[in-house]
$ cat run-v5.txt   # compact mmCIF, C-alpha atoms (C1' of nucleotides)
# COMPACT_ATOMS: atom_id res chain seq x y z
CA MET A 1 0.00 0.00 0.00
CA THR A 2 1.44 3.37 -0.98
CA PRO A 3 1.99 6.07 1.64
CA TYR A 4 -0.65 8.18 -0.06
CA ARG A 5 -3.26 5.46 0.34
CA GLN A 6 -2.32 5.17 3.98
CA SER A 7 -2.83 8.90 4.42
CA VAL A 8 -6.26 8.75 2.84
CA ARG A 9 -7.15 5.81 5.02
CA SER A 10 -6.08 7.48 8.24
CA LEU A 11 -7.86 10.66 7.16
CA LEU A 12 -11.04 8.62 6.86
CA ARG A 13 -10.50 6.96 10.24
CA GLU A 14 -9.81 10.27 11.96
CA ARG A 15 -12.87 11.90 10.45
CA LEU A 16 -15.04 9.01 11.57
CA LEU A 17 -13.61 8.93 15.08
CA ASP A 18 -13.92 12.71 15.39
CA ALA A 19 -17.54 12.52 14.35
CA ALA A 20 -18.16 9.57 16.66
CA TYR A 21 -16.59 11.46 19.55
CA ASP A 22 -18.90 14.42 19.01
CA LEU A 23 -21.98 12.23 18.79
CA VAL A 24 -21.04 10.26 21.91
CA ALA A 25 -20.21 13.47 23.78
CA ALA A 26 -23.59 14.91 22.84
CA ASP A 27 -25.96 12.00 23.45
CA GLY A 28 -23.93 9.12 24.86
CA TRP A 29 -22.79 5.91 23.29
CA ALA A 30 -26.17 4.18 23.49
CA LYS A 31 -27.78 6.76 21.23
CA MET A 32 -24.97 6.81 18.67
CA ARG A 33 -26.40 5.66 15.33
CA MET A 34 -24.41 4.41 12.37
CA THR A 35 -26.47 6.47 9.92
CA ARG A 36 -25.88 9.66 11.91
CA LEU A 37 -22.19 8.91 12.15
CA ALA A 38 -21.88 8.37 8.40
CA ASN A 39 -23.72 11.61 7.68
CA ALA A 40 -21.64 13.57 10.18
CA ALA A 41 -18.42 12.32 8.58
CA GLY A 42 -19.76 13.03 5.08
CA VAL A 43 -19.48 9.43 4.02
CA SER A 44 -21.83 6.57 3.20
CA ARG A 45 -22.89 4.08 5.83
CA GLN A 46 -21.25 1.30 3.88
CA THR A 47 -17.90 3.06 4.05
CA VAL A 48 -18.17 3.11 7.83
CA TYR A 49 -18.74 -0.63 7.86
CA THR A 50 -15.94 -1.25 5.38
CA GLU A 51 -13.54 0.67 7.59
CA PHE A 52 -14.53 -0.51 11.05
CA GLY A 53 -16.64 -3.63 10.54
CA SER A 54 -19.05 -3.06 13.39
CA ARG A 55 -20.45 -0.55 15.81
CA ASP A 56 -18.51 -2.06 18.70
CA ALA A 57 -15.26 -1.77 16.78
CA ILE A 58 -15.84 1.97 16.56
CA GLY A 59 -16.29 2.17 20.32
CA GLU A 60 -13.11 0.20 20.80
CA ALA A 61 -11.13 2.40 18.41
CA LEU A 62 -12.56 5.51 20.06
CA VAL A 63 -11.49 4.40 23.51
CA LEU A 64 -8.11 3.29 22.23
CA ARG A 65 -7.41 6.63 20.59
CA GLU A 66 -8.43 8.50 23.71
CA GLU A 67 -6.18 6.30 25.81
CA GLU A 68 -3.22 6.98 23.56
CA ARG A 69 -3.82 10.71 23.64
CA PHE A 70 -4.13 10.58 27.39
CA LEU A 71 -0.85 8.74 27.79
CA ASN A 72 0.91 11.06 25.36
CA GLY A 73 -0.39 14.08 27.26
CA LEU A 74 0.74 12.57 30.52
CA ARG A 75 4.22 11.99 29.15
CA GLU A 76 4.50 15.60 28.01
CA GLU A 77 3.54 16.82 31.48
CA LEU A 78 6.10 14.60 33.14
CA ASP A 79 8.84 15.51 30.67
CA ALA A 80 8.37 19.19 31.49
CA ASP A 81 9.45 18.57 35.10
CA ILE A 82 12.15 16.05 34.39
CA GLY A 83 14.41 15.41 37.35
CA ASP A 84 12.01 16.69 40.00
CA LEU A 85 9.90 13.78 41.19
CA ARG A 86 7.54 15.82 43.31
CA ALA A 87 6.87 18.36 40.57
CA ALA A 88 6.53 15.64 37.95
CA VAL A 89 3.99 13.71 40.01
CA ALA A 90 2.08 16.89 40.79
CA ALA A 91 2.02 17.83 37.11
CA GLY A 92 0.89 14.34 36.17
CA ALA A 93 -1.86 14.37 38.78
CA ARG A 94 -2.96 17.83 37.68
CA PHE A 95 -3.16 16.60 34.10
CA MET A 96 -5.22 13.58 35.05
CA LEU A 97 -7.61 15.65 37.14
CA ARG A 98 -8.05 18.18 34.37
CA GLN A 99 -8.58 15.48 31.75
CA ALA A 100 -11.18 13.80 33.90
CA ALA A 101 -12.98 17.11 34.34
CA GLU A 102 -12.89 18.10 30.67
CA ASN A 103 -12.98 14.78 28.83
CA HIS A 104 -16.00 12.76 29.72
CA LEU A 105 -14.75 9.73 27.84
CA ILE A 106 -11.50 9.68 29.80
CA LYS A 107 -13.31 10.03 33.09
CA THR A 108 -15.52 7.11 32.11
CA ILE A 109 -12.48 5.01 31.28
CA LEU A 110 -10.58 5.98 34.41
CA THR A 111 -13.43 5.48 36.84
CA SER A 112 -15.44 2.60 35.39
CA THR A 113 -15.20 -0.52 37.54
CA HIS A 114 -15.32 -4.13 36.48
CA ASN A 115 -18.98 -4.77 37.16
CA GLY A 116 -20.20 -1.21 36.81
CA ASN A 117 -21.90 -1.18 33.43
CA GLU A 118 -20.92 2.21 32.07
CA GLU A 119 -22.76 2.64 28.82
CA LEU A 120 -19.88 2.89 26.36
CA LEU A 121 -17.87 0.17 28.03
CA ALA A 122 -20.65 -2.35 28.57
CA LEU A 123 -19.05 -4.58 25.97
CA LEU A 124 -15.46 -3.74 26.79
CA THR A 125 -15.35 -5.24 30.25
CA THR A 126 -11.62 -5.88 30.26
CA ARG A 127 -10.93 -2.28 29.41
CA SER A 128 -11.98 -0.70 32.69
CA ASP A 129 -8.62 -1.05 34.39
CA ARG A 130 -6.54 -1.58 31.25
CA LEU A 131 -5.58 2.08 31.10
CA VAL A 132 -4.61 2.09 34.76
CA ARG A 133 -2.43 -0.97 34.36
CA THR A 134 -0.90 0.35 31.15
CA ALA A 135 -0.21 3.70 32.75
CA GLU A 136 1.36 2.02 35.77
CA MET A 137 3.57 -0.25 33.69
CA TRP A 138 4.54 2.60 31.46
CA LEU A 139 5.26 4.92 34.40
CA ASP A 140 7.36 2.21 36.02
CA ALA A 141 9.68 2.10 33.03
CA TYR A 142 9.67 5.89 32.85
CA VAL A 143 10.55 6.41 36.50
CA ALA A 144 13.14 3.62 36.43
CA GLU A 145 14.97 5.40 33.66
CA THR A 146 14.64 8.94 34.96
CA TRP A 147 15.29 8.26 38.64
CA PRO A 148 17.36 5.08 38.79
CA MET A 149 18.32 5.77 42.39
CA ILE A 150 14.85 4.70 43.57
CA ASP A 151 14.84 0.98 44.32
CA PRO A 152 12.23 -1.17 42.49
CA ALA A 153 10.11 -1.83 45.56
CA SER A 154 9.78 1.85 46.43
CA ARG A 155 9.20 2.68 42.79
CA SER A 156 6.33 0.23 42.57
CA LEU A 157 4.76 1.58 45.76
CA ALA A 158 5.16 5.17 44.64
CA ILE A 159 3.58 4.61 41.26
CA GLU A 160 0.65 2.72 42.67
CA THR A 161 0.18 5.53 45.15
CA ALA A 162 0.34 8.24 42.49
CA VAL A 163 -2.09 6.64 40.06
CA ARG A 164 -4.66 5.29 42.49
CA LEU A 165 -4.62 8.32 44.71
CA THR A 166 -5.27 10.58 41.76
CA ILE A 167 -8.09 8.40 40.46
CA SER A 168 -9.53 8.37 43.95
CA HIS A 169 -9.64 12.17 43.82
CA ILE A 170 -11.33 12.04 40.45
CA VAL A 171 -14.05 9.79 41.83
CA GLN A 172 -14.38 11.71 45.07
CA PRO A 173 -12.79 15.16 44.99
CA ALA A 174 -11.59 16.61 48.27
CA ALA A 175 -10.01 19.95 47.35
CA SER A 176 -9.13 21.96 44.24
CA ALA A 177 -7.25 20.18 41.46
CA GLU A 178 -4.21 22.37 42.15
CA GLU A 179 -4.09 21.61 45.85
CA THR A 180 -4.83 17.95 45.30
CA ALA A 181 -2.00 17.67 42.78
CA GLU A 182 0.47 19.24 45.21
CA ARG A 183 -0.61 16.90 48.00
CA VAL A 184 -0.27 13.84 45.78
CA GLY A 185 3.23 14.99 44.81
CA GLU A 186 4.22 15.32 48.46
CA ILE A 187 2.78 11.91 49.38
CA VAL A 188 4.51 10.16 46.49
CA VAL A 189 7.90 11.66 47.37
CA ARG A 190 7.53 10.34 50.92
CA VAL A 191 6.64 6.89 49.59
CA ALA A 192 9.53 6.88 47.14
CA PHE A 193 12.10 8.16 49.64
CA PRO A 194 11.23 6.70 53.03
CA SER A 195 13.12 8.24 55.97
CA ARG A 196 14.43 4.91 57.20
CA MET B 197 -19.05 16.79 -3.92
CA THR B 198 -19.14 15.54 -0.37
CA PRO B 199 -16.95 17.14 2.30
CA TYR B 200 -15.03 13.90 2.62
CA ARG B 201 -14.14 13.90 -1.06
CA GLN B 202 -12.98 17.48 -0.71
CA SER B 203 -10.75 16.52 2.20
CA VAL B 204 -9.17 13.72 0.21
CA ARG B 205 -8.62 16.07 -2.69
CA SER B 206 -6.96 18.75 -0.60
CA LEU B 207 -4.88 16.10 1.12
CA LEU B 208 -3.61 15.07 -2.31
CA ARG B 209 -2.87 18.69 -3.29
CA GLU B 210 -1.03 19.40 -0.05
CA ARG B 211 1.07 16.27 -0.34
CA LEU B 212 2.00 17.15 -3.91
CA LEU B 213 2.86 20.75 -3.09
CA ASP B 214 4.86 19.68 -0.03
CA ALA B 215 6.83 17.24 -2.16
CA ALA B 216 7.28 19.85 -4.89
CA TYR B 217 8.52 22.39 -2.35
CA ASP B 218 11.15 19.96 -1.08
CA LEU B 219 12.32 19.10 -4.58
CA VAL B 220 12.52 22.75 -5.64
CA ALA B 221 14.30 23.68 -2.42
CA ALA B 222 16.84 20.93 -3.03
CA ASP B 223 17.65 21.30 -6.72
CA GLY B 224 15.72 24.29 -8.01
CA TRP B 225 12.66 24.51 -10.21
CA ALA B 226 14.48 23.70 -13.45
CA LYS B 227 15.50 20.27 -12.18
CA MET B 228 12.11 19.37 -10.76
CA ARG B 229 10.81 16.30 -12.63
CA MET B 230 7.23 15.12 -12.75
CA THR B 231 8.26 11.51 -12.18
CA ARG B 232 10.28 12.42 -9.09
CA LEU B 233 7.43 14.49 -7.75
CA ALA B 234 4.94 11.67 -8.19
CA ASN B 235 7.25 9.21 -6.46
CA ALA B 236 7.97 11.62 -3.61
CA ALA B 237 4.26 12.10 -3.02
CA GLY B 238 3.62 8.36 -3.28
CA VAL B 239 1.27 8.73 -6.19
CA SER B 240 1.27 7.89 -9.90
CA ARG B 241 2.43 10.41 -12.46
CA GLN B 242 -1.00 10.39 -14.05
CA THR B 243 -2.58 11.47 -10.77
CA VAL B 244 -0.31 14.51 -10.72
CA TYR B 245 -1.46 15.47 -14.20
CA THR B 246 -5.10 14.84 -13.33
CA GLU B 247 -4.80 17.15 -10.34
CA PHE B 248 -2.70 19.98 -11.75
CA GLY B 249 -2.78 19.57 -15.52
CA SER B 250 0.76 20.72 -16.20
CA ARG B 251 4.16 21.33 -14.72
CA ASP B 252 3.69 25.10 -14.86
CA ALA B 253 0.41 24.84 -12.97
CA ILE B 254 2.30 23.20 -10.11
CA GLY B 255 4.77 26.09 -10.03
CA GLU B 256 1.89 28.54 -9.98
CA ALA B 257 0.11 26.70 -7.17
CA LEU B 258 3.35 26.46 -5.23
CA VAL B 259 4.00 30.18 -5.47
CA LEU B 260 0.38 30.97 -4.64
CA ARG B 261 0.42 28.85 -1.52
CA GLU B 262 3.67 30.40 -0.36
CA GLU B 263 2.26 33.87 -0.93
CA GLU B 264 -0.80 33.07 1.13
CA ARG B 265 1.27 31.70 3.97
CA PHE B 266 3.50 34.74 3.83
CA LEU B 267 0.57 37.13 4.06
CA ASN B 268 -1.02 35.13 6.87
CA GLY B 269 2.25 35.19 8.79
CA LEU B 270 2.56 38.91 8.22
CA ARG B 271 -0.92 39.51 9.53
CA GLU B 272 -0.19 37.56 12.69
CA GLU B 273 2.92 39.63 13.33
CA LEU B 274 1.04 42.89 12.86
CA ASP B 275 -1.88 41.75 15.01
CA ALA B 276 0.50 41.06 17.89
CA ASP B 277 1.41 44.76 18.09
CA ILE B 278 -2.01 46.18 17.36
CA GLY B 279 -2.28 49.88 18.13
CA ASP B 280 1.44 50.62 18.03
CA LEU B 281 2.36 51.59 14.47
CA ARG B 282 6.10 51.67 15.01
CA ALA B 283 6.18 48.28 16.73
CA ALA B 284 3.81 46.77 14.14
CA VAL B 285 5.92 47.96 11.23
CA ALA B 286 9.09 46.77 12.92
CA ALA B 287 7.53 43.37 13.57
CA GLY B 288 6.32 43.16 9.99
CA ALA B 289 9.74 44.09 8.64
CA ARG B 290 11.41 41.60 10.94
CA PHE B 291 9.07 38.90 9.69
CA MET B 292 9.78 39.73 6.05
CA LEU B 293 13.53 39.74 6.60
CA ARG B 294 13.40 36.44 8.43
CA GLN B 295 11.20 34.87 5.77
CA ALA B 296 13.53 36.03 3.03
CA ALA B 297 16.46 34.54 4.88
CA GLU B 298 14.82 31.20 5.66
CA ASN B 299 12.46 30.65 2.75
CA HIS B 300 14.25 30.70 -0.56
CA LEU B 301 11.01 30.63 -2.52
CA ILE B 302 9.73 33.73 -0.75
CA LYS B 303 12.99 35.55 -1.32
CA THR B 304 12.77 34.69 -5.00
CA ILE B 305 9.24 36.02 -5.17
CA LEU B 306 10.02 39.19 -3.24
CA THR B 307 13.15 40.10 -5.11
CA SER B 308 12.54 38.91 -8.67
CA THR B 309 12.19 41.79 -11.10
CA HIS B 310 10.12 42.02 -14.26
CA ASN B 311 12.82 41.18 -16.75
CA GLY B 312 15.10 39.19 -14.48
CA ASN B 313 14.37 35.62 -15.45
CA GLU B 314 14.43 33.85 -12.11
CA GLU B 315 14.21 30.17 -12.79
CA LEU B 316 10.90 29.32 -11.14
CA LEU B 317 9.18 32.46 -12.32
CA ALA B 318 10.39 32.48 -15.89
CA LEU B 319 6.86 31.73 -17.06
CA LEU B 320 5.10 33.73 -14.37
CA THR B 321 6.28 37.16 -15.43
CA THR B 322 3.34 39.03 -13.97
CA ARG B 323 3.94 37.48 -10.59
CA SER B 324 7.17 39.22 -9.72
CA ASP B 325 5.53 42.27 -8.16
CA ARG B 326 2.12 40.73 -7.59
CA LEU B 327 2.92 39.87 -4.01
CA VAL B 328 4.22 43.37 -3.37
CA ARG B 329 1.11 44.97 -4.78
CA THR B 330 -1.18 42.55 -2.95
CA ALA B 331 0.66 43.15 0.29
CA GLU B 332 0.47 46.91 -0.20
CA MET B 333 -3.24 46.87 -1.00
CA TRP B 334 -3.93 44.56 1.87
CA LEU B 335 -1.83 46.61 4.28
CA ASP B 336 -3.61 49.76 3.17
CA ALA B 337 -6.97 48.35 4.22
CA TYR B 338 -5.44 47.00 7.41
CA VAL B 339 -3.84 50.27 8.43
CA ALA B 340 -6.91 52.27 7.44
CA GLU B 341 -9.00 50.22 9.82
CA THR B 342 -6.53 50.03 12.70
CA TRP B 343 -5.27 53.62 12.58
CA PRO B 344 -8.05 55.68 10.98
CA MET B 345 -6.45 58.91 12.18
CA ILE B 346 -3.79 58.67 9.48
CA ASP B 347 -4.97 60.44 6.33
CA PRO B 348 -5.03 58.42 3.07
CA ALA B 349 -2.10 60.23 1.47
CA SER B 350 0.19 59.67 4.44
CA ARG B 351 -1.03 56.11 4.74
CA SER B 352 -0.15 55.39 1.14
CA LEU B 353 3.31 56.93 1.54
CA ALA B 354 3.95 55.08 4.77
CA ILE B 355 2.99 51.68 3.35
CA GLU B 356 5.06 52.14 0.22
CA THR B 357 7.98 53.11 2.43
CA ALA B 358 7.55 50.12 4.74
CA VAL B 359 7.28 47.49 2.02
CA ARG B 360 9.87 48.78 -0.42
CA LEU B 361 12.37 49.73 2.23
CA THR B 362 12.18 46.26 3.71
CA ILE B 363 12.55 44.58 0.31
CA SER B 364 15.50 46.85 -0.36
CA HIS B 365 17.14 45.52 2.79
CA ILE B 366 16.45 41.97 1.67
CA VAL B 367 18.19 42.60 -1.63
CA GLN B 368 21.03 44.56 -0.08
CA PRO B 369 21.33 44.12 3.67
CA ALA B 370 22.90 46.96 5.65
CA ALA B 371 22.70 45.86 9.28
CA SER B 372 21.24 43.02 11.36
CA ALA B 373 17.62 42.10 10.78
CA GLU B 374 16.74 43.35 14.25
CA GLU B 375 18.35 46.74 13.79
CA THR B 376 16.99 47.11 10.28
CA ALA B 377 13.46 46.36 11.46
CA GLU B 378 13.70 49.01 14.18
CA ARG B 379 14.99 51.61 11.73
CA VAL B 380 12.20 50.85 9.25
CA GLY B 381 9.67 51.25 12.05
CA GLU B 382 11.11 54.64 12.96
CA ILE B 383 11.15 55.84 9.35
CA VAL B 384 7.58 54.76 8.70
CA VAL B 385 6.30 56.55 11.79
CA ARG B 386 7.95 59.77 10.56
CA VAL B 387 6.34 59.33 7.15
CA ALA B 388 2.93 58.57 8.60
CA PHE B 389 3.00 61.43 11.13
CA PRO B 390 4.89 64.33 9.52
CA SER B 391 5.82 67.15 11.92
CA ARG B 392 4.15 69.80 9.80
C1' DG C 393 25.14 17.68 -37.01
C1' DG C 394 22.87 13.72 -35.52
C1' DA C 395 21.96 9.77 -32.51
C1' DA C 396 20.65 8.57 -27.80
C1' DA C 397 18.52 9.51 -23.63
C1' DG C 398 15.31 11.92 -21.12
C1' DT C 399 10.97 14.65 -20.45
C1' DT C 400 6.28 16.30 -20.98
C1' DG C 401 1.64 15.49 -21.83
C1' DT C 402 -2.07 12.17 -23.37
C1' DC C 403 -4.60 7.81 -23.64
C1' DC C 404 -6.52 3.69 -21.86
C1' DA C 405 -7.71 -0.67 -19.42
C1' DG C 406 -7.90 -2.44 -15.02
C1' DA C 407 -7.72 -2.15 -9.87
C1' DA C 408 -9.31 -0.03 -5.71
C1' DG C 409 -12.46 2.59 -3.07
C1' DT C 410 -17.10 4.96 -2.47
C1' DT C 411 -22.07 5.29 -3.00
C1' DA C 412 -26.96 4.37 -2.64
C1' DG C 413 -30.45 1.27 -2.45
C1' DA C 414 -32.40 -3.13 -0.95
C1' DC C 415 -33.03 -6.60 2.39
C1' DA C 416 -32.83 -10.15 6.30
C1' DG C 417 -32.72 -10.48 11.12
C1' DG C 418 -32.90 -8.46 15.71
C1' DT C 419 -34.61 -5.24 19.32
C1' DA C 420 -37.33 -1.69 21.85
C1' DG C 421 -41.67 0.65 22.67
C1' DC C 422 -46.44 0.50 22.81
C1' DG D 423 -47.99 -9.05 18.85
C1' DC D 424 -47.36 -5.03 15.98
C1' DT D 425 -44.74 -1.18 14.43
C1' DA D 426 -40.74 1.33 13.90
C1' DC D 427 -36.12 1.40 13.98
C1' DC D 428 -31.45 -0.41 13.79
C1' DT D 429 -27.47 -3.37 12.54
C1' DG D 430 -25.01 -5.81 9.26
C1' DT D 431 -24.61 -7.70 4.41
C1' DC D 432 -24.95 -7.61 -0.53
C1' DT D 433 -24.63 -5.54 -5.10
C1' DA D 434 -24.38 -2.57 -9.23
C1' DA D 435 -22.86 1.81 -10.69
C1' DC D 436 -19.66 5.40 -10.21
C1' DT D 437 -15.26 7.84 -9.17
C1' DT D 438 -10.42 7.89 -8.50
C1' DC D 439 -5.81 5.93 -8.88
C1' DT D 440 -2.51 3.00 -11.28
C1' DG D 441 0.82 1.49 -14.58
C1' DG D 442 2.14 0.91 -19.04
C1' DA D 443 2.41 2.74 -23.76
C1' DC D 444 3.18 6.37 -26.98
C1' DA D 445 3.99 10.78 -29.75
C1' DA D 446 6.28 15.13 -29.69
C1' DC D 447 9.89 17.74 -28.04
C1' DT D 448 14.46 19.04 -25.69
C1' DT D 449 18.93 18.09 -23.90
C1' DT D 450 23.22 15.64 -23.84
C1' DC D 451 26.89 13.47 -25.81
C1' DC D 452 29.84 12.05 -29.43
$ encode --input "run-v5.txt" --output "structure tokens"
Amino acid sequence: MTPYRQSVRSLLRERLLDAAYDLVAADGWAKMRMTRLANAAGVSRQTVYTEFGSRDAIGEALVLREEERFLNGLREELDADIGDLRAAVAAGARFMLRQAAENHLIKTILTSTHNGNEELLALLTTRSDRLVRTAEMWLDAYVAETWPMIDPASRSLAIETAVRLTISHIVQPAASAEETAERVGEIVVRVAFPSR
Amino acid sequence: MTPYRQSVRSLLRERLLDAAYDLVAADGWAKMRMTRLANAAGVSRQTVYTEFGSRDAIGEALVLREEERFLNGLREELDADIGDLRAAVAAGARFMLRQAAENHLIKTILTSTHNGNEELLALLTTRSDRLVRTAEMWLDAYVAETWPMIDPASRSLAIETAVRLTISHIVQPAASAEETAERVGEIVVRVAFPSR
DNA sequence: GGAAAGTTGTCCAGAAGTTAGACAGGTAGC
DNA sequence: GCTACCTGTCTAACTTCTGGACAACTTTCC
């Protein structure tokens, strides 16, 4: 397949996912209709099926794209404070809190539990904690490289603390995002560098 | 034509013009070959002809796109210093000088004269001062709206001074871009607001 | 000065992708 | 249980892209 064809193909996929995102954001996944989606993307219904195969596949691709964007955004935040664990964790937590507030899809992904049947993820049961596990694994490698002086056990504890604490604040906010982020940063530093 | 088809079409045009720009930047317009262009864009030679019709048409589209980008960039620079004529002119001059230094195609457009047969514009004789006239006309409307207190005669003199003085410095530089831009700003203010 | 190589622009048959309409089967609301 | 709607599949027609061929012309090389 030539590069040009690939470009056209990804253009089509992006248009469809953009349109799907808007429709889901407006009325929810349950009310998303294939005909509406095709019209919104300026394409025939058949083309949607040729590209994605099924309605569920669109939901999966939508969630996947959002996950990737989320992780990329998180990496950018962390990279900005490279070398300062507390600041990096605070920036990461701030980013997660903001994303959860602004991006309904991300909040759904981050907070949906195994048996809680969130509408979009009713069929994607294994996905509920996939992002969390991916983020944790990915952060582990990231922290190991950036701060090699932290031993693996402390690193594991610190990452679990950072991710789950932040999600906890998304589910049940206690203070402002700014203050929460700072507190999470402080807690994680203490976990990563115990006094004894 | 559906919006999707339009997107695919403009994607094709952009890819082709991007590839053409690179080839022209590397070896010059004279050595640009249709076969190379098609390969670089990942498309068949016939598709290039279907889209643009001829080699000259590609040159024309290339120049046109660069002109538009240049004018858009110029507008952004001016908008950043809205209300301060001297700073706006200096910013505009700085932008033009930088563009001429970095973008060979723009320098060619800005400095090519009527009878000087610059390679890319050999066939586009009327284009040599088209950008200058367009920029002047466009700046006239811009300045008239932003600084209505300047009378039309002074406005016309000031704009001619700003554009031609800057181009003169592109052709024959006298000092650093920064210093030149400041001096042009000062000169234009004196032209626009004569003491008597 | 002329042959060889290269280039532009055109033509065409076939491949690939898109469209619109029809239809079977399933589901929700009444 | 009936109606209306929706998903997913099929198909014929249409549009776009491809790749190869070819004539006319220019450049390069001998």
$ residues_around --input "run-v5.txt" --residues "DA435 in chain D" --least-positions-apart "2" --cutoff "12 Å" --atoms "all atoms listed in the file" --output "PDB file with C-alpha atoms (C1' of nucleotides), keeping the file's coordinate frame"
ATOM      1  C1'  DT C 410     -17.100   4.960  -2.470  1.00  0.00           C
ATOM      2  C1'  DT C 411     -22.070   5.290  -3.000  1.00  0.00           C
ATOM      3  C1'  DA C 412     -26.960   4.370  -2.640  1.00  0.00           C
ATOM      4  C1'  DG C 413     -30.450   1.270  -2.450  1.00  0.00           C
TER       5       DG C 413
ATOM      6  C1'  DT D 433     -24.630  -5.540  -5.100  1.00  0.00           C
ATOM      7  C1'  DT D 437     -15.260   7.840  -9.170  1.00  0.00           C
TER       8       DT D 437
END
$ closest_residue --input "run-v5.txt" --among "A:Asp27, A:Asp151, A:Glu67, A:Glu182" --to "Val132 in chain A" --atoms "all atoms listed in the file"
A:Glu67
$ interface_residues --input "run-v5.txt" --of "chain D" --to "chain B" --cutoff "12 Å" --atoms "all atoms listed in the file" --output "short mmCIF file (atom, residue, chain, number, x, y, z; two decimals) with C-alpha atoms (C1' of nucleotides), keeping the file's coordinate frame"
data_model
loop_
_atom_site.label_atom_id
_atom_site.label_comp_id
_atom_site.auth_asym_id
_atom_site.auth_seq_id
_atom_site.Cartn_x
_atom_site.Cartn_y
_atom_site.Cartn_z
"C1'" DT D 437 -15.26 7.84 -9.17
"C1'" DT D 438 -10.42 7.89 -8.50
"C1'" DC D 439 -5.81 5.93 -8.88
"C1'" DT D 440 -2.51 3.00 -11.28
"C1'" DG D 441 0.82 1.49 -14.58
"C1'" DG D 442 2.14 0.91 -19.04
#
$ interface_residues --input "run-v5.txt" --of "chain B" --to "chain A" --cutoff "6 Å" --atoms "only C-alpha atoms" --output "ChimeraX atom specification"
/B:199-200,238
$ interface_residues --input "run-v5.txt" --of "chain B" --to "chain C" --cutoff "9 Å" --atoms "all atoms listed in the file" --output "PyMOL selection string"
chain B and resi 229-230+245+249-251
$ atom_distance --input "run-v5.txt" --atom1 "CA of Gln172 in chain A" --atom2 "CA of Phe95 in chain A"
16.4 Å
$ atom_distance --input "run-v5.txt" --atom1 "CA of Leu74 in chain A" --atom2 "CA of Gly92 in chain A"
5.9 Å
$ atom_distance --input "run-v5.txt" --atom1 "CA of Ala162 in chain A" --atom2 "CA of Met96 in chain A"
10.7 Å
$ closest_residue --input "run-v5.txt" --among "A:Asp81, A:Asp18, A:Glu51, A:Asp56" --to "DT429 in chain D" --atoms "only C-alpha atoms (C1' of nucleotides)"
A:Asp56
$ residues_around --input "run-v5.txt" --residues "Ala286 in chain B" --least-positions-apart "5" --cutoff "9 Å" --atoms "all atoms listed in the file" --output "ChimeraX atom specification"
/B:274,281,291,358,374,376-382
$ axis_aligned_box --input "run-v5.txt" --around "range 424-438 of chain D" --padding-each-side "3 Å" --output "AutoDock Vina command-line options"
--center_x -28.9 --center_y 0.1 --center_z 2.6 --size_x 42.9 --size_y 21.6 --size_z 32.7
